[in-house]
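Enquirer: Right, I'll just put the structure down here and ask away after.
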Amino acid sequence: MKLVLAIVSRDDTNKVSKELTKENYSVTKLATTGGFLMAGNTTFLIGTDDDRVEHLISVIGENCKTRTKVVSSSASYGVGSFASMPVEVTVGGATVFVLDIEQFVKL
Ligand code: 2BA
């Protein structure tokens with residue numbers, strides 16, 4: 001068994017969530033905030049069998065779009081930054097972590 005943590009842009013959350021449920025994955029969604037852009041994103045927690053992880057990752061990937069966004073560098077480095085040069089960053093897509101699960105119990 002694996003626990004997949006997938007961080008997805010807020011704009012793609014509904015699409016990813018719908019598709020995962022349609023494909024019979026059990027999903028928990030957490031409202032999270034990216035440390036760099038300080039923008040809202042969603043972290044999905046998905047517990048699944050080892051042999052479904054590849055399929056799960058492909059479903060997530062197919063439903064996330066990558067975009068570029070120009071942000072002020074002061075947004076990135078916080079208060080106290082003197083320069084506020086625009087910086088182009090790639091947002092969207094998904095950041096995925098796959099963890100081994102020692103035990104899975106439902107009580
Ligand atoms: P944020 O931290 O808000 O980062 C948004 C995007 O800004 C990143 O996209 C990346 O393109 C850029 N970025 C982040 N840190 C940067 C830096 N120090 N210098 C220049 N550009 C930077 P992604 O890499 O696709 O990450 C999307 C979101 O996924 C992140 O939002 C964060 O919430 C999460 N994330 C990404 N990598 C992570 C990691 N290793 N551990 C934990 N969370 C991570």
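In the structure tokens, chains take letters A, B, ... by order of appearance, with residues numbered from 1 within each chain and ligands from 1 in the order shown.
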Residues up to 9 Å from ligand 1, counting only C-alpha atoms and all ligand atoms: could you list those as JSON, numbers by chain?

Expert: {"A": [6, 7, 8, 9, 32, 33, 34, 35, 36, 37, 38, 39, 40, 41, 42, 43, 66, 68, 69, 76, 77, 87, 88, 89, 90, 91, 92, 93, 94, 95, 96, 97]}

Enquirer: Enumerate as a PyMOL selection string all residues of chain A assigned to strand (DSSP E) by DSSP on the backbone, naming them with the chain letters and numbers the document uses.

Expert: chain A and resi 2-9+27-33+40-48+66-72+86-92+94-100

Enquirer: Could you work out how far CA of Lys106 in chain A lies from CA of Ile57 in chain A, giving the answer in Å with one decimal?

Expert: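 Interatomic distance here is 24.2 Å.
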
Enquirer: Report as number ranges by chain all protein, DNA and RNA residues lying within 9 Å of Tyr25 in chain A, evaluated on only C-alpha atoms, omitting residues in the same chain fewer than 3 positions from it.

Expert: A: 19-22, 46-48, 56

Enquirer: What gap, in Å, lies between CA of Glu102 in chain A and CA of Asn63 in chain A?

Expert: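 Distance between the two atoms: 29.4 Å.
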
Enquirer: Using DSSP assignments from the backbone, pull out every residue in chain A that falls under helix (DSSP H, G or I) and give it to me as a ChimeraX atom specification.

Expert: /A:10-22,50-62,73-77

Enquirer: Just how far from CA of Cys64 in chain A is CA of Thr13 in chain A, in Å to one decimal?

Expert: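 Between these atoms lies a distance of 8.3 Å.
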
Enquirer: Identify which of the residues A:Val98, A:Lys65, A:Pro86, A:Phe104 lies closest to Leu5 in chain A, counting only C-alpha atoms when measuring atom-to-atom distances.

Expert: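 Using only C-alpha atoms, the shortest distance to Leu5 in chain A belongs to A:Val98.
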